[in-house]
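Below is one structure, written out as structure tokens, with a few remarks after it.
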Amino acid sequence: MKLEVTLIPNIGKENLNNRVYAREVVDKIIEDFKPGMLGHLGFPETIEPLIVENSSHKVNKIFIKDNNLMGEIELLDTKSGNIVKIIMENSVVRPRGVGSINKDGNIGEDYKILSFDIIDKKNDVFKNID
């Protein structure tokens, strides 16, 4: 099952985590992206390496559309992937990465994307941004 999803809405606007993904940072994410990147269901407790058995989807392509970072994901035939097929309408796909954040909440240009993970909409730090 392939889906087009929003990964980072409203580039350049502050989210509920008080973080801002500037256009330059998003452009770097796109530049560094490797098709087939695996993602998990939920954010892991630690910054761990991605484990294929725990993966629910892969991200085949990312692009900017209407000031949003979008992605084409493919749900996998794994335990987590099959769960996502059931709960996707109540879920969103969001970035997980490492890097600096300045005092104003701007994500630093050293940001490195690790994954785009699927989380429950009620935990989405990008909600209510217009």
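Chain labels A, B, ... are given in the sequence in which chains occur in the structure tokens; within each chain residues are numbered consecutively from 1, and ligands are likewise numbered from 1 in the order shown.
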**OP:** Pick out the residues sitting within 10 Å of Met88 of chain A, and hand them over as a list in words; count only C-alpha atoms, and ignore anything fewer than 5 positions along from it in its own chain.
**Re:** Gly81, Ile83, Val93, Ile118, Ile119, Asp120 and Lys121 of chain A
Only C-alpha atoms, please: the residues just picked out, written as an mmCIF file, in the first residue's frame.
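Writing the result to out.cif gives the following:
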data_model
loop_
_atom_site.group_PDB
_atom_site.id
_atom_site.type_symbol
_atom_site.label_atom_id
_atom_site.label_comp_id
_atom_site.auth_asym_id
_atom_site.auth_seq_id
_atom_site.Cartn_x
_atom_site.Cartn_y
_atom_site.Cartn_z
ATOM 1 C CA GLY A 81 3.145 -2.416 8.915
ATOM 2 C CA ILE A 83 -0.990 -2.487 12.401
ATOM 3 C CA VAL A 93 4.249 10.518 9.677
ATOM 4 C CA ILE A 118 4.321 6.963 12.172
ATOM 5 C CA ILE A 119 2.734 8.348 15.345
ATOM 6 C CA ASP A 120 -0.765 8.880 16.744
ATOM 7 C CA LYS A 121 -2.339 12.172 15.591
#
Subject >> Computed interatomic separation between atom CA of Val5 of chain A and atom CA of Ile30 of chain A (Å) >> reply: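 Separating atom CA of Val5 of chain A from atom CA of Ile30 of chain A is a distance of 15.1 Å.
Counting from atom CA of Val92 of chain A, the distance to atom CA of Glu31 of chain A is 22.7 Å.
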Sort by chain and increasing residue number a table of all residues of segment 43-89 of chain A within 7 Å of segment 7-16 of chain A, each with its closest pair of atoms and their distance in Å to one decimal, counting only C-alpha atoms, and write it as JSON lines.
{"residue": "A:Asn67", "atom": "CA", "partner": "A:Asn10", "partner_atom": "CA", "distance": 5.6}
{"residue": "A:Asn68", "atom": "CA", "partner": "A:Pro9", "partner_atom": "CA", "distance": 4.5}
{"residue": "A:Leu69", "atom": "CA", "partner": "A:Ile8", "partner_atom": "CA", "distance": 4.9}
{"residue": "A:Met70", "atom": "CA", "partner": "A:Leu7", "partner_atom": "CA", "distance": 5.3}
{"residue": "A:Gly71", "atom": "CA", "partner": "A:Leu7", "partner_atom": "CA", "distance": 6.4}
Keeping only C-alpha atoms, take the residues you just selected and write them out as a short mmCIF file (atom, residue, chain, number, x, y, z; two decimals), in the first residue's frame.
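Once everything was written out, this is out.cif:
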data_model
loop_
_atom_site.label_atom_id
_atom_site.label_comp_id
_atom_site.auth_asym_id
_atom_site.auth_seq_id
_atom_site.Cartn_x
_atom_site.Cartn_y
_atom_site.Cartn_z
CA ASN A 67 5.32 24.71 1.67
CA ASN A 68 5.09 21.21 3.19
CA LEU A 69 7.65 18.42 3.07
CA MET A 70 5.74 15.52 1.57
CA GLY A 71 6.63 11.88 1.15
#
Subject >> DSSP strand (DSSP E or B) selection over chain A, as a PyMOL selection string >> reply: chain A and resi 2-8+14+20+37-41+55-65+68-75+91-98+101+106-107+112-120
Original post:
Tell me, which residues of segment 27-108 of chain A carry DSSP helix (DSSP H, G or I), written as a PyMOL selection string?
Top reply: chain A and resi 27-32+52-54+79-90
Original post:
Can you list, as a PyMOL selection string, every protein, DNA or RNA residue that comes within 12 Å of His40 of chain A when you count only C-alpha atoms, leaving out same-chain residues fewer than 5 positions away?
Top reply: chain A and resi 45+47-59+73+75-76+78-84+92-96+114-119
**OP:** Find the residues near Asn102 of chain A: any atom within 12 Å, counting only C-alpha atoms, skip ones fewer than 3 places away on the same chain, and give them as a ChimeraX atom specification.
**Re:** /A:18-21,99,105-111
Selection export as a JSON list (two decimals), in the first residue's frame, atoms kept: N, CA, C and O atoms:
[["chain", "number", "residue", "atom", "x", "y", "z"],
["A", 18, "ASN", "N", 8.01, 23.86, 19.93],
["A", 18, "ASN", "CA", 8.77, 25.11, 19.82],
["A", 18, "ASN", "C", 9.97, 24.96, 18.90],
["A", 18, "ASN", "O", 11.02, 25.57, 19.11],
["A", 19, "ARG", "N", 9.83, 24.14, 17.86],
["A", 19, "ARG", "CA", 10.89, 23.94, 16.88],
["A", 19, "ARG", "C", 10.46, 24.47, 15.54],
["A", 19, "ARG", "O", 9.28, 24.41, 15.18],
["A", 20, "VAL", "N", 11.45, 24.96, 14.79],
["A", 20, "VAL", "CA", 11.20, 25.49, 13.45],
["A", 20, "VAL", "C", 12.13, 24.78, 12.48],
["A", 20, "VAL", "O", 13.35, 24.77, 12.67],
["A", 21, "TYR", "N", 11.55, 24.19, 11.45],
["A", 21, "TYR", "CA", 12.33, 23.58, 10.37],
["A", 21, "TYR", "C", 12.40, 24.59, 9.23],
["A", 21, "TYR", "O", 11.45, 24.73, 8.46],
["A", 99, "GLY", "N", 20.57, 16.60, 15.92],
["A", 99, "GLY", "CA", 21.22, 17.84, 15.52],
["A", 99, "GLY", "C", 20.95, 18.92, 16.55],
["A", 99, "GLY", "O", 20.26, 18.71, 17.55],
["A", 105, "GLY", "N", 14.53, 27.88, 18.96],
["A", 105, "GLY", "CA", 13.85, 26.68, 18.50],
["A", 105, "GLY", "C", 14.13, 26.31, 17.06],
["A", 105, "GLY", "O", 13.52, 25.37, 16.54],
["A", 106, "ASN", "N", 15.04, 27.02, 16.40],
["A", 106, "ASN", "CA", 15.37, 26.69, 15.02],
["A", 106, "ASN", "C", 16.24, 25.45, 14.96],
["A", 106, "ASN", "O", 17.27, 25.37, 15.64],
["A", 107, "ILE", "N", 15.83, 24.50, 14.14],
["A", 107, "ILE", "CA", 16.62, 23.30, 13.92],
["A", 107, "ILE", "C", 17.89, 23.70, 13.17],
["A", 107, "ILE", "O", 17.82, 24.43, 12.18],
["A", 108, "GLY", "N", 19.06, 23.24, 13.66],
["A", 108, "GLY", "CA", 20.34, 23.61, 13.07],
["A", 108, "GLY", "C", 20.61, 22.95, 11.73],
["A", 108, "GLY", "O", 20.02, 21.91, 11.40],
["A", 109, "GLU", "N", 21.50, 23.55, 10.99],
["A", 109, "GLU", "CA", 21.85, 23.00, 9.67],
["A", 109, "GLU", "C", 22.62, 21.69, 9.78],
["A", 109, "GLU", "O", 22.84, 21.01, 8.78],
["A", 110, "ASP", "N", 23.03, 21.31, 11.02],
["A", 110, "ASP", "CA", 23.70, 20.03, 11.23],
["A", 110, "ASP", "C", 22.70, 18.89, 11.43],
["A", 110, "ASP", "O", 23.08, 17.74, 11.65],
["A", 111, "TYR", "N", 21.41, 19.20, 11.34],
["A", 111, "TYR", "CA", 20.35, 18.21, 11.55],
["A", 111, "TYR", "C", 20.52, 17.05, 10.57],
["A", 111, "TYR", "O", 20.74, 17.25, 9.38]]
Original post:
Quick one: of A:Ala22, A:Leu41, A:Ile64, A:Leu3, who's nearest to Asp104 of chain A, counting only C-alpha atoms?
Top reply: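 Ranked by minimum distance to Asp104 of chain A, first place goes to A:Ala22.
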